[in-house]
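Asks: Here you go, input_20.tsv (TSV, C-alpha atoms):
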chain	number	residue	atom	x	y	z
A	1	MET	CA	110.22	109.78	144.35
A	2	PHE	CA	112.10	109.20	141.11
A	3	VAL	CA	115.23	110.69	139.58
A	4	VAL	CA	115.77	111.50	135.91
A	5	ARG	CA	119.14	112.10	134.28
A	6	HIS	CA	118.76	114.22	131.15
A	7	GLY	CA	121.94	115.40	129.49
A	8	ASP	CA	124.20	116.38	132.36
A	9	ARG	CA	121.38	117.36	134.71
A	10	VAL	CA	119.88	115.13	137.36
A	11	ARG	CA	116.43	116.07	138.66
A	12	GLY	CA	114.23	114.56	141.33
A	13	TRP	CA	110.44	114.45	141.33
A	14	LEU	CA	107.78	113.19	143.69
A	15	ASP	CA	106.25	110.04	142.24
A	16	SER	CA	102.79	111.57	142.31
A	17	CYS	CA	100.84	112.64	139.24
A	18	PRO	CA	99.08	116.02	139.59
A	19	HIS	CA	96.05	114.37	137.91
A	20	VAL	CA	95.40	111.93	140.78
A	21	ASP	CA	97.23	112.93	143.94
A	22	GLY	CA	99.56	110.15	145.04
A	23	ALA	CA	99.22	108.16	141.82
A	24	PRO	CA	102.59	106.71	140.78
A	25	LEU	CA	103.74	107.40	137.23
A	26	ALA	CA	105.80	104.46	135.96
A	27	TRP	CA	104.43	101.42	134.09
A	28	ARG	CA	107.18	99.31	135.58
A	29	LYS	CA	110.03	99.86	138.04
A	30	ASP	CA	112.15	102.76	136.74
A	31	ALA	CA	110.07	103.11	133.55
A	32	TYR	CA	109.06	106.78	133.69
A	33	LEU	CA	110.00	108.02	130.22
A	34	ASN	CA	108.58	107.85	126.70
A	35	ALA	CA	110.21	105.67	124.03
A	36	ASP	CA	112.61	108.43	122.93
A	37	GLY	CA	113.59	109.22	126.52
A	38	ASN	CA	112.91	112.94	126.11
A	39	SER	CA	109.66	113.24	128.09
A	40	ILE	CA	108.33	111.97	131.40
A	41	VAL	CA	105.02	110.10	131.04
A	42	CYS	CA	102.43	109.14	133.62
A	43	TYR	CA	101.37	105.66	132.60
A	44	GLY	CA	98.10	105.90	134.53
A	45	HIS	CA	96.29	108.01	131.93
A	46	GLY	CA	99.04	108.98	129.50
A	47	ALA	CA	99.94	112.50	130.68
A	48	VAL	CA	103.17	113.80	129.12
A	49	PHE	CA	105.53	116.03	131.16
A	50	ASP	CA	108.40	118.27	130.06
A	51	ILE	CA	111.57	116.51	131.20
A	52	GLU	CA	113.18	119.74	132.40
A	53	THR	CA	110.33	121.64	134.00
A	54	GLY	CA	107.95	118.81	134.95
A	55	VAL	CA	105.05	120.71	133.41
A	56	CYS	CA	102.29	118.58	131.83
A	57	THR	CA	102.09	119.35	128.11
A	58	GLN	CA	99.45	116.78	127.13
A	59	GLY	CA	96.83	114.75	128.94
A	60	PRO	CA	94.48	115.10	131.90
A	61	CYS	CA	96.58	117.61	133.87
A	62	VAL	CA	97.78	120.01	131.19
A	63	GLY	CA	99.44	123.03	132.76
A	64	GLN	CA	99.94	121.37	136.14
A	65	ALA	CA	103.37	120.14	137.09
A	66	LEU	CA	105.23	117.39	138.89
A	67	THR	CA	106.58	118.37	142.32
A	68	PRO	CA	110.37	118.75	142.23
A	69	VAL	CA	112.57	117.18	144.90
A	70	ALA	CA	115.72	119.24	145.31
A	71	LEU	CA	118.88	117.22	144.74
A	72	GLU	CA	122.58	117.85	144.94
A	73	CYS	CA	125.07	115.70	143.11
A	74	ASP	CA	128.70	115.17	144.06
A	75	GLU	CA	131.27	112.54	143.20
A	76	GLN	CA	129.97	110.20	145.84
A	77	ALA	CA	126.22	110.38	145.76
A	78	LEU	CA	122.98	112.13	145.07
A	79	TRP	CA	121.81	114.07	148.11
A	80	ILE	CA	118.19	114.93	148.73
A	81	THR	CA	118.03	118.43	150.15
A	82	SER	CA	114.28	118.81	149.97
A	83	PRO	CA	111.75	118.67	152.84
A	84	HIS	CA	110.33	115.72	150.92
A	85	ALA	CA	113.42	113.70	151.86
A	86	ALA	CA	111.50	111.52	154.29
A	87	GLU	CA	108.90	110.40	151.68
B	1	MET	CA	71.41	93.55	118.78
B	2	ASN	CA	73.11	90.27	119.62
B	3	ILE	CA	76.44	91.84	120.58
B	4	LEU	CA	78.49	89.51	122.77
B	5	GLY	CA	81.10	91.96	124.01
B	6	PRO	CA	84.45	93.46	123.06
B	7	ASP	CA	86.54	91.08	120.94
B	8	SER	CA	89.56	93.35	120.68
B	9	LEU	CA	90.98	96.76	121.55
B	10	VAL	CA	93.42	98.36	119.11
B	11	PHE	CA	96.10	100.78	120.32
B	12	GLY	CA	98.58	103.02	118.47
B	13	VAL	CA	101.44	103.31	120.93
B	14	ASP	CA	104.63	105.24	121.57
B	15	ASP	CA	106.79	102.44	123.01
B	16	LEU	CA	106.15	99.16	121.19
B	17	ASP	CA	108.87	97.19	122.98
B	18	ALA	CA	107.36	98.18	126.33
B	19	CYS	CA	103.89	97.09	125.21
B	20	ILE	CA	105.13	93.76	123.87
B	21	GLN	CA	106.86	93.04	127.19
B	22	PHE	CA	103.88	94.23	129.21
B	23	PHE	CA	101.19	92.14	127.52
B	24	THR	CA	103.40	89.06	127.42
B	25	ASP	CA	104.08	89.35	131.16
B	26	TYR	CA	100.40	90.13	131.81
B	27	GLY	CA	99.64	86.65	130.45
B	28	LEU	CA	98.28	87.17	126.94
B	29	THR	CA	99.70	84.99	124.14
B	30	PRO	CA	101.57	86.88	121.40
B	31	VAL	CA	100.19	85.96	117.96
B	32	GLY	CA	102.14	87.19	114.94
B	33	VAL	CA	103.97	89.78	117.04
B	34	ASP	CA	107.06	91.41	115.53
B	35	GLU	CA	108.77	94.80	115.70
B	36	THR	CA	105.67	96.44	114.20
B	37	GLY	CA	103.44	95.10	116.97
B	38	GLY	CA	100.72	92.47	116.73
B	39	ARG	CA	97.99	90.70	118.62
B	40	PHE	CA	97.97	89.47	122.20
B	41	GLU	CA	95.29	86.85	122.84
B	42	ALA	CA	93.45	85.61	125.88
B	43	VAL	CA	92.44	81.96	126.16
B	44	ASP	CA	89.18	82.52	124.26
B	45	GLY	CA	90.74	84.46	121.37
B	46	THR	CA	89.74	87.96	122.48
B	47	SER	CA	92.70	90.28	122.26
B	48	ILE	CA	94.67	93.49	122.50
B	49	VAL	CA	96.28	94.69	119.27
B	50	VAL	CA	99.20	97.12	119.39
B	51	ALA	CA	100.90	98.99	116.57
B	52	HIS	CA	103.14	102.04	116.48
B	53	ARG	CA	101.18	105.28	116.60
B	54	ASP	CA	102.52	106.24	113.15
B	55	ASP	CA	101.16	103.04	111.60
B	56	SER	CA	98.97	104.23	108.74
B	57	SER	CA	96.70	101.19	108.88
B	58	LEU	CA	95.24	102.42	112.18
B	59	PRO	CA	92.10	104.57	112.42
B	60	PRO	CA	93.04	108.20	113.12
B	61	PRO	CA	93.82	109.23	116.72
B	62	MET	CA	91.57	111.34	118.92
B	63	ASP	CA	92.81	114.85	119.53
B	64	THR	CA	93.19	114.14	123.25
B	65	GLY	CA	96.24	111.93	122.84
B	66	THR	CA	94.66	108.68	124.01
B	67	MET	CA	96.35	105.67	122.44
B	68	LEU	CA	93.10	103.74	121.86
B	69	ARG	CA	92.25	103.74	118.15
B	70	LYS	CA	89.40	101.20	117.89
B	71	THR	CA	87.07	99.00	119.96
B	72	ILE	CA	86.03	95.88	118.03
B	73	TYR	CA	82.80	94.23	119.17
B	74	GLY	CA	82.03	90.58	118.49
B	75	VAL	CA	78.48	89.83	117.38
B	76	ALA	CA	76.65	86.52	117.19
B	77	ASP	CA	75.90	86.33	113.47
B	78	ARG	CA	75.79	88.06	110.11
B	79	ALA	CA	72.16	89.11	110.65
B	80	THR	CA	73.26	91.15	113.68
B	81	LEU	CA	76.07	92.71	111.67
B	82	GLU	CA	73.64	93.81	108.95
B	83	ALA	CA	71.14	95.11	111.49
B	84	ILE	CA	73.88	97.24	113.08
B	85	ALA	CA	74.99	98.51	109.66
B	86	ASP	CA	71.39	99.48	108.83
B	87	GLU	CA	70.77	101.12	112.19
B	88	LEU	CA	73.98	103.16	112.31
B	89	GLY	CA	73.84	103.93	108.59
B	90	ARG	CA	70.76	106.04	109.26
B	91	ASP	CA	72.90	108.90	110.56
B	92	ARG	CA	76.62	108.15	110.10
B	93	GLU	CA	79.12	106.60	107.77
B	94	VAL	CA	79.45	102.83	108.12
B	95	LYS	CA	82.56	101.44	106.43
B	96	ARG	CA	82.64	97.87	105.18
B	97	LEU	CA	86.12	96.43	105.60
B	98	ALA	CA	87.76	93.73	103.50
B	99	ASP	CA	87.55	91.20	106.32
B	100	GLY	CA	83.73	91.42	106.39
B	101	SER	CA	83.57	93.60	109.49
B	102	ILE	CA	82.03	97.06	109.66
B	103	GLU	CA	83.34	100.25	111.23
B	104	ALA	CA	81.57	103.35	112.54
B	105	SER	CA	82.04	105.89	115.33
B	106	ASP	CA	79.93	106.30	118.44
B	107	ASP	CA	78.52	109.70	119.47
B	108	MET	CA	81.71	110.66	121.30
B	109	GLY	CA	84.03	109.88	118.39
B	110	PHE	CA	85.27	106.46	119.55
B	111	VAL	CA	85.87	104.26	116.50
B	112	LEU	CA	83.96	100.99	116.79
B	113	GLY	CA	84.28	97.81	114.78
B	114	PHE	CA	81.72	95.02	114.58
B	115	GLN	CA	82.65	91.52	113.44
B	116	ILE	CA	81.32	87.98	113.73
B	117	SER	CA	82.83	87.22	117.12
B	118	VAL	CA	86.15	85.42	117.14
B	119	ARG	CA	85.75	84.32	120.71
B	120	ARG	CA	86.06	80.57	121.21
B	121	GLU	CA	83.96	78.53	123.60
B	122	ILE	CA	86.26	77.63	126.46
B	123	GLU	CA	85.97	75.25	129.38
B	124	VAL	CA	88.09	76.36	132.29
B	125	ALA	CA	87.52	75.36	135.91
B	126	GLY	CA	86.49	78.28	138.06
B	127	GLU	CA	87.68	78.74	141.60
B	128	ALA	CA	86.45	75.86	143.75
B	129	VAL	CA	85.68	76.79	147.32
B	130	ASN	CA	85.12	74.57	150.39
B	131	SER	CA	82.66	76.28	152.74
B	132	PRO	CA	80.79	74.85	155.78
B	133	GLY	CA	77.12	74.35	155.09
B	134	ALA	CA	77.65	74.26	151.34
B	135	ARG	CA	78.61	71.43	149.08
B	136	PRO	CA	82.43	71.17	148.99
B	137	GLY	CA	83.95	72.69	145.90
B	138	ARG	CA	86.87	70.24	145.97
B	139	ALA	CA	86.88	66.50	146.50
B	140	PRO	CA	88.96	65.13	149.37
B	141	ASN	CA	92.72	65.24	148.72
B	142	ILE	CA	92.33	67.82	145.95
B	143	VAL	CA	94.51	70.79	146.94
B	144	GLY	CA	93.24	74.33	146.37
B	145	ALA	CA	96.28	76.60	146.68
B	146	SER	CA	99.38	76.07	144.57
B	147	ALA	CA	102.40	78.33	144.26
B	148	SER	CA	103.00	77.01	140.75
B	149	ALA	CA	99.46	77.44	139.45
B	150	GLU	CA	99.27	79.47	136.27
B	151	PHE	CA	96.23	81.68	135.89
B	152	LEU	CA	95.69	82.98	132.38
B	153	PRO	CA	93.56	85.90	131.24
B	154	LEU	CA	90.49	84.08	129.90
B	155	THR	CA	88.44	86.71	128.06
B	156	LEU	CA	88.36	90.47	127.41
B	157	SER	CA	85.84	91.62	129.98
B	158	HIS	CA	85.30	95.35	129.69
B	159	VAL	CA	86.65	98.72	128.72
B	160	VAL	CA	86.01	102.02	130.49
B	161	TYR	CA	85.90	105.30	128.59
B	162	PHE	CA	86.22	108.86	129.83
B	163	VAL	CA	83.58	110.87	127.94
B	164	PRO	CA	82.49	114.53	128.05
B	165	ASP	CA	78.77	113.63	128.17
B	166	GLN	CA	78.16	110.21	129.68
B	167	ALA	CA	74.37	110.50	129.51
B	168	LYS	CA	74.44	111.16	125.77
B	169	ALA	CA	77.16	108.56	125.24
B	170	SER	CA	75.10	105.94	127.12
B	171	ARG	CA	71.98	106.67	125.11
B	172	PHE	CA	73.84	105.80	121.91
B	173	TYR	CA	74.71	102.31	123.25
B	174	GLU	CA	71.25	101.78	124.77
B	175	ASP	CA	69.02	103.21	122.05
B	176	ARG	CA	71.00	102.33	118.92
B	177	LEU	CA	72.83	99.14	119.90
B	178	GLY	CA	70.51	97.63	122.54
B	179	PHE	CA	72.87	97.73	125.51
B	180	ARG	CA	71.17	97.72	128.93
B	181	CYS	CA	72.13	100.01	131.79
B	182	THR	CA	72.82	97.69	134.73
B	183	ASP	CA	73.71	100.30	137.34
B	184	ARG	CA	74.74	103.94	137.44
B	185	PHE	CA	76.63	106.49	139.48
B	186	THR	CA	74.46	109.59	139.63
B	187	ASP	CA	75.43	112.02	136.85
B	188	ALA	CA	78.86	110.40	136.83
B	189	GLY	CA	78.91	107.00	135.19
B	190	THR	CA	76.86	104.29	133.52
B	191	PHE	CA	77.48	100.52	133.46
B	192	LEU	CA	76.38	98.94	130.19
B	193	ARG	CA	75.66	95.34	129.18
B	194	PRO	CA	75.07	94.33	125.56
B	195	ALA	CA	72.18	91.96	124.86
B	196	GLY	CA	74.45	89.03	123.99
B	197	THR	CA	75.97	88.62	127.45
B	198	LEU	CA	74.82	88.44	131.06
B	199	ASP	CA	78.02	90.06	132.41
B	200	HIS	CA	77.27	93.09	134.59
B	201	HIS	CA	79.12	95.36	132.17
B	202	THR	CA	81.35	95.28	129.11
B	203	LEU	CA	81.43	99.07	128.93
B	204	PHE	CA	81.50	101.69	131.66
B	205	LEU	CA	81.31	105.38	130.77
B	206	ILE	CA	82.69	108.02	133.16
B	207	GLN	CA	81.91	111.74	132.92
B	208	THR	CA	85.05	113.92	132.58
B	209	PRO	CA	86.04	117.22	130.95
B	210	ALA	CA	86.42	116.93	127.17
B	211	PHE	CA	90.23	117.14	127.18
B	212	MET	CA	90.35	113.83	129.09
B	213	LYS	CA	88.34	111.83	126.55
B	214	GLY	CA	89.88	108.39	126.20
B	215	VAL	CA	90.35	105.18	128.14
B	216	GLU	CA	90.50	104.76	131.89
B	217	HIS	CA	91.15	101.05	131.79
B	218	PHE	CA	90.34	97.66	130.35
B	219	THR	CA	90.49	94.20	131.87
B	220	PHE	CA	90.48	90.50	131.20
B	221	HIS	CA	88.53	88.08	133.38
B	222	LEU	CA	90.54	85.55	135.36
B	223	SER	CA	89.01	82.45	136.95
B	224	GLY	CA	88.46	83.77	140.48
B	225	PRO	CA	89.78	85.88	143.37
B	226	THR	CA	92.81	83.64	143.94
B	227	ALA	CA	93.74	84.07	140.29
B	228	VAL	CA	93.56	87.86	140.59
B	229	LEU	CA	95.60	87.92	143.80
B	230	GLN	CA	98.19	85.37	142.69
B	231	ARG	CA	98.66	86.60	139.12
B	232	GLY	CA	98.65	90.20	140.37
B	233	THR	CA	101.29	89.36	142.98
B	234	GLU	CA	103.52	87.73	140.34
B	235	PHE	CA	103.01	90.70	138.02
B	236	ALA	CA	103.88	93.18	140.78
B	237	ALA	CA	106.94	91.11	141.69
B	238	LYS	CA	108.22	91.69	138.13
B	239	GLY	CA	108.19	95.42	138.89
B	240	TYR	CA	104.83	96.38	137.40
B	241	GLN	CA	103.20	99.36	139.06
B	242	THR	CA	99.97	98.90	140.99
B	243	TYR	CA	97.50	101.77	140.73
B	244	TRP	CA	94.48	100.56	142.73
B	245	GLY	CA	93.74	97.27	144.41
B	246	PRO	CA	93.39	94.50	145.04
B	247	GLY	CA	89.81	94.86	146.19
B	248	ARG	CA	86.22	94.02	145.38
B	249	HIS	CA	83.73	96.31	143.68
B	250	LYS	CA	80.22	96.89	144.90
B	251	PHE	CA	78.53	97.30	141.50
B	252	GLY	CA	79.41	94.17	139.52
B	253	SER	CA	80.90	92.40	142.56
B	254	ASN	CA	84.10	91.75	140.65
B	255	TRP	CA	87.48	91.49	142.30
B	256	PHE	CA	89.89	94.05	140.83
B	257	TRP	CA	93.60	94.95	140.67
B	258	TYR	CA	94.62	97.82	138.42
B	259	PHE	CA	98.12	98.50	137.09
B	260	ASN	CA	99.67	101.35	135.09
B	261	SER	CA	100.61	100.36	131.53
B	262	PRO	CA	102.58	101.55	128.50
B	263	VAL	CA	99.35	101.92	126.50
B	264	GLY	CA	98.72	104.95	128.71
B	265	CYS	CA	95.72	103.65	130.62
B	266	HIS	CA	95.22	101.22	133.46
B	267	VAL	CA	95.13	97.51	132.77
B	268	GLU	CA	93.27	95.34	135.25
B	269	TYR	CA	92.96	91.76	136.32
B	270	ASP	CA	89.36	91.08	137.38
B	271	ALA	CA	87.21	88.09	138.31
B	272	ASP	CA	83.84	86.84	139.52
B	273	MET	CA	81.57	89.47	138.01
B	274	ASP	CA	77.81	89.35	138.57
B	275	LEU	CA	75.52	88.14	135.79
B	276	HIS	CA	72.25	89.93	135.09
B	277	ASP	CA	69.25	89.47	132.83
B	278	ASP	CA	66.52	91.83	131.71
B	279	ASN	CA	64.66	91.40	135.01
B	280	TRP	CA	67.37	93.37	136.81
B	281	VAL	CA	66.43	96.89	137.93
B	282	ALA	CA	69.34	99.31	137.75
B	283	ARG	CA	70.66	100.63	141.05
B	284	GLU	CA	71.91	104.15	141.49
B	285	ALA	CA	74.46	105.53	143.92
B	286	PRO	CA	76.61	108.64	144.20
B	287	MET	CA	80.15	108.20	142.89
B	288	GLN	CA	81.95	107.90	146.21
B	289	VAL	CA	84.75	105.87	147.71
B	290	ASP	CA	82.40	103.55	149.63
B	291	GLU	CA	80.27	102.91	146.55
B	292	SER	CA	83.30	102.00	144.41
B	293	GLN	CA	84.54	99.15	146.56
B	294	ILE	CA	83.54	97.02	149.51
B	295	PHE	CA	87.11	96.48	150.66
B	296	LEU	CA	90.59	97.40	149.47
B	297	PHE	CA	93.95	95.81	150.26
B	298	GLN	CA	97.55	96.79	149.63
B	299	HIS	CA	100.04	94.37	148.17
B	300	ARG	CA	103.07	93.90	150.38
B	301	GLU	CA	106.21	91.80	150.53
B	302	LYS	CA	105.73	88.39	152.10
B	303	TRP	CA	106.77	87.84	155.68
B	304	ALA	CA	105.93	85.33	158.37
B	305	PRO	CA	105.68	85.60	162.14
B	306	GLY	CA	108.95	84.87	163.91
B	307	GLY	CA	110.39	88.33	163.42
B	308	PRO	CA	109.04	91.85	163.00
B	309	PRO	CA	107.13	92.59	159.79
B	310	PRO	CA	109.16	94.49	157.16
B	311	GLY	CA	108.85	98.27	157.19
B	312	GLY	CA	106.24	99.94	155.02
B	313	GLU	CA	107.38	100.64	151.47
B	314	THR	CA	108.19	104.25	150.73
B	315	HIS	CA	108.05	105.77	147.31
Let me see the structure of the file written as structure tokens.
Replies:
Amino acid sequence: MFVVRHGDRVRGWLDSCPHVDGAPLAWRKDAYLNADGNSIVCYGHGAVFDIETGVCTQGPCVGQALTPVALECDEQALWITSPHAAE
Amino acid sequence: MNILGPDSLVFGVDDLDACIQFFTDYGLTPVGVDETGGRFEAVDGTSIVVAHRDDSSLPPPMDTGTMLRKTIYGVADRATLEAIADELGRDREVKRLADGSIEASDDMGFVLGFQISVRREIEVAGEAVNSPGARPGRAPNIVGASASAEFLPLTLSHVVYFVPDQAKASRFYEDRLGFRCTDRFTDAGTFLRPAGTLDHHTLFLIQTPAFMKGVEHFTFHLSGPTAVLQRGTEFAAKGYQTYWGPGRHKFGSNWFWYFNSPVGCHVEYDADMDLHDDNWVAREAPMQVDESQIFLFQHREKWAPGGPPPGGETH
């Protein structure tokens, strides 16, 4: 999975593009965003995802979405609360 | 048409810094690269060119969002260039550029360039194998494996397009430009070889819905399977993201290792591709997992017996 901080929100996503199930998104470790840092990009085929909703807005999986991984944030850590925690 | 193969692929990208880092680490040599982009060359002079997507000197983008703007083919001589200009000029605009090259689009809207090829003749030792019953590839005391060996991308091998009508797209390359179909996946994909090379394919066309039109991947040939595995391992160790591989394809026989990339398509290291001439009869197979590869491995962290192997990597 990967975690994106945008503004004051932290969101978790499964590192699996809806275009090719299981396909990881980054082009390099931790490199999941576009140049401006305001969209998530899958660097397999260039799909662009809304950074808040995870919905694909351009590319081979338009309309499909990344799978969220529920997170909680406190002063000490990020906690994964999702059933995906083991992945 | 004496087309040798792709000389260069031109991309209009979102993150130039990322692309400059990527192609430098991949092993191409930056030539005239600055904050506006530039050219990244293999040993024989074939290249990837990157510029920012707003760069007005680039051909216009496709509406699908692919970052590929142009595929530049190298041809053997001026006579070939003129023959292509005449042939394509029968039914489409052919631009003549200041550098002597010509530019026209294929039937799917991919912008193509044709130039006298810039590729240099190179002499690079291929992988030398010692095998019982065959003449040794290495003389006594010559060591094969070396942790410090540097394997460079030698030449731009092939590009793979997603197209909405691969049969029609293939006919353009075969009927108008003299490419040969070497093999095909039934109703799914066509491997194409231009007349000026014996390489199994320099272009592979895959059938997809129209909104996916663009590039699946491109690759440079390395010198052999060890080069692919060793260079790929070093690349992965720098944090680059494997997509598929390493493995060996059935059609083409080439070793492969695909990575994600900031040009928004996969970039591959490949090696040891089959050569074919006009006597070859195209094979056909369904597009299935077993037809796409003979074997597939997964890169892992090194370990040695003496303790338990490290746990599997989670993602």
Asks: So which residues touch Gly7 (chain A) within 12 Å, counting all atoms listed in the file, skipping near sequence neighbours fewer than 6 positions away, as a ChimeraX atom specification?
Replies: /A:37-38,51-52
Asks: Would you list which chain B residues are within 10 Å of chain A using only C-alpha atoms, as a ChimeraX atom specification?
Replies: /B:13-19,22,64-67,208-217,235-244,258-267,313-315
Asks: Using all atoms listed in the file, which of B:Val111, B:Leu81, B:Leu154, B:Ala145 sits nearest Leu177 (chain B)?
Replies: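 Nearest candidate to Leu177 (chain B) out of B:Val111, B:Leu81, B:Leu154, B:Ala145: B:Leu81.
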Asks: Please compute the CA of Ile102 (chain B)-CA of Phe114 (chain B) distance, one decimal, in Å.
Replies: 5.3 Å
Asks: Between CA of His201 (chain B) and CA of Ser157 (chain B), what distance in Å does the model show, to one decimal?
Replies: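 We find that CA of His201 (chain B) and CA of Ser157 (chain B) lie 8.0 Å from each other.
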Asks: Measure the distance from CA of Arg135 (chain B) to CA of Ser223 (chain B) in Å and round it to one decimal.
Replies: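 Calculated distance between CA of Arg135 (chain B) and CA of Ser223 (chain B) is 19.4 Å.
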Asks: Tell me, as a ChimeraX atom specification, which residues lie within 7 Å of Arg39 (chain B), counting only C-alpha atoms; anything in the same chain fewer than 4 positions away does not count.
Replies: /B:30-33,47-50
Asks: Could you give me, as a ChimeraX atom specification, the residues within 12 Å of Val143 (chain B), counting all atoms listed in the file and dropping anything in the same chain fewer than 6 positions from it?
Replies: /B:127-130,137,149
Asks: Taking only C-alpha atoms into account, name the residue in B:Arg92, B:Arg53, B:His249, B:Arg193 that is nearest to Glu174 (chain B).
Replies: B:Arg193
Asks: With all atoms of region 2-19 of chain B from the file as input, state the centre and edge lengths in Å to one decimal of the axis-aligned box that has 8 Å extra on each side, as lines of an AutoDock Vina configuration file.
Replies:
center_x = 91.0
center_y = 97.4
center_z = 122.4
size_x = 51.8
size_y = 31.7
size_z = 23.9
Asks: Please, could N, CA and C atoms be added to region 11-22 of chain B and the result written as a compact mmCIF listing (two decimals), in the frame of the given file?
Replies:
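And here's part-v7.txt as it stands now:
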# COMPACT_ATOMS: atom_id res chain seq x y z
N PHE B 11 95.37 99.61 119.82
CA PHE B 11 96.10 100.78 120.32
C PHE B 11 97.23 101.17 119.36
N GLY B 12 97.42 102.49 119.19
CA GLY B 12 98.58 103.02 118.47
C GLY B 12 99.52 103.61 119.52
N VAL B 13 100.65 103.01 119.74
CA VAL B 13 101.44 103.31 120.93
C VAL B 13 102.77 104.00 120.62
N ASP B 14 103.34 104.56 121.67
CA ASP B 14 104.63 105.24 121.57
C ASP B 14 105.78 104.24 121.71
N ASP B 15 105.68 103.34 122.70
CA ASP B 15 106.79 102.44 123.01
C ASP B 15 106.34 101.00 122.78
N LEU B 16 106.59 100.51 121.56
CA LEU B 16 106.15 99.16 121.19
C LEU B 16 106.83 98.08 122.01
N ASP B 17 108.14 98.21 122.21
CA ASP B 17 108.87 97.19 122.98
C ASP B 17 108.27 97.05 124.37
N ALA B 18 107.95 98.20 124.98
CA ALA B 18 107.36 98.18 126.33
C ALA B 18 106.02 97.44 126.31
N CYS B 19 105.22 97.71 125.29
CA CYS B 19 103.89 97.09 125.21
C CYS B 19 103.99 95.59 124.97
N ILE B 20 104.94 95.18 124.14
CA ILE B 20 105.13 93.76 123.87
C ILE B 20 105.52 93.05 125.17
N GLN B 21 106.46 93.65 125.91
CA GLN B 21 106.86 93.04 127.19
C GLN B 21 105.69 93.01 128.16
N PHE B 22 104.97 94.12 128.24
CA PHE B 22 103.88 94.23 129.21
C PHE B 22 102.82 93.16 128.99
